[in-house]
Amino acid sequence: MILGIDPKVDYAFKKLFGSPAHKNLLIHLLNALMVMRLRAPITDIEILNPFSVKVSPEDKLSILDVKARDADGRLYLVEMQVLATDGFPGGACIIGPRDMWNNCIKAKTTANSGRRS
């Protein structure tokens, strides 16, 4: 990138895609990654608090990179993971309301082609 900002870095990813001022970027990202799963493109989205509410003291606190809801009420949980780990493949993961972590959409972009694989 020209400015030397890597959007895969956690802080930059959250600033780019999790900020209400840049919600158009999140809309474009979700539409691009979920084109085969959406009946119609997302046209508006509300950025939500990325912290999960703990129901009981035993619950683990979870903080997502981006949490958002579209105009149809669908919830999107977005995580950027550069390195693959057990149960969480590398790439951007979009988790819809009925999906699980192991059903993430992997989006790898090659630097030369700009295509997803």
# chains A, B, ... in the order shown; residues from 1 in each chain; ligands from 1
$ residues_around --residues "stretch 5-16 of chain A" --least-positions-apart "2" --cutoff "7 Å" --atoms "only C-alpha atoms" --output "JSON, numbers by chain"
{"A": [1, 3, 18, 19, 22, 65, 66, 80, 82]}
$ write_last_selection --atoms "C-alpha atoms" --output "mmCIF file, in the first residue's frame"
data_model
loop_
_atom_site.group_PDB
_atom_site.id
_atom_site.type_symbol
_atom_site.label_atom_id
_atom_site.label_comp_id
_atom_site.auth_asym_id
_atom_site.auth_seq_id
_atom_site.Cartn_x
_atom_site.Cartn_y
_atom_site.Cartn_z
ATOM 1 C CA MET A 1 0.000 0.000 0.000
ATOM 2 C CA LEU A 3 0.916 4.716 2.910
ATOM 3 C CA GLY A 18 -15.209 -1.408 12.025
ATOM 4 C CA SER A 19 -15.624 2.362 11.986
ATOM 5 C CA HIS A 22 -16.043 3.824 6.852
ATOM 6 C CA ASP A 65 -12.716 -7.374 14.932
ATOM 7 C CA VAL A 66 -16.069 -6.178 13.559
ATOM 8 C CA MET A 80 -9.204 -11.172 10.146
ATOM 9 C CA VAL A 82 -3.436 -13.799 8.984
#
$ residues_around --residues "A:Leu26" --least-positions-apart "4" --cutoff "12 Å" --atoms "only C-alpha atoms" --output "PyMOL selection string"
chain A and resi 13-22+30-34+42-47+65-70+76-78+92+94
$ atom_distance --atom1 "atom CA of A:Ile27" --atom2 "atom CA of A:Pro41"
8.7 Å
$ atom_distance --atom1 "atom CA of A:Arg39" --atom2 "atom CA of A:Leu75"
15.0 Å
$ residues_around --residues "A:Ile63" --least-positions-apart "4" --cutoff "9 Å" --atoms "only C-alpha atoms" --output "mmCIF file with N, CA and C atoms, in the first residue's frame"
data_model
loop_
_atom_site.group_PDB
_atom_site.id
_atom_site.type_symbol
_atom_site.label_atom_id
_atom_site.label_comp_id
_atom_site.auth_asym_id
_atom_site.auth_seq_id
_atom_site.Cartn_x
_atom_site.Cartn_y
_atom_site.Cartn_z
ATOM 1 N N ASN A 49 -21.191 -2.891 18.783
ATOM 2 C CA ASN A 49 -20.137 -3.079 19.770
ATOM 3 C C ASN A 49 -19.518 -4.465 19.561
ATOM 4 N N PRO A 50 -18.195 -4.557 19.369
ATOM 5 C CA PRO A 50 -17.571 -5.855 19.082
ATOM 6 C C PRO A 50 -17.380 -6.747 20.316
ATOM 7 N N PHE A 51 -17.686 -6.242 21.507
ATOM 8 C CA PHE A 51 -17.544 -7.024 22.732
ATOM 9 C C PHE A 51 -18.778 -7.887 22.935
ATOM 10 N N SER A 52 -18.585 -9.167 23.274
ATOM 11 C CA SER A 52 -19.696 -10.057 23.587
ATOM 12 C C SER A 52 -20.087 -9.867 25.041
#
$ atom_distance --atom1 "atom CA of A:Gly73" --atom2 "atom CA of A:Ser56"
25.8 Å
$ select_by_dssp --residues "stretch 19-61 of chain A" --states "helix (DSSP H, G or I)" --output "JSON, numbers by chain"
{"A": [20, 21, 22, 23, 24, 25, 26, 27, 28, 29, 30, 31, 32, 33]}
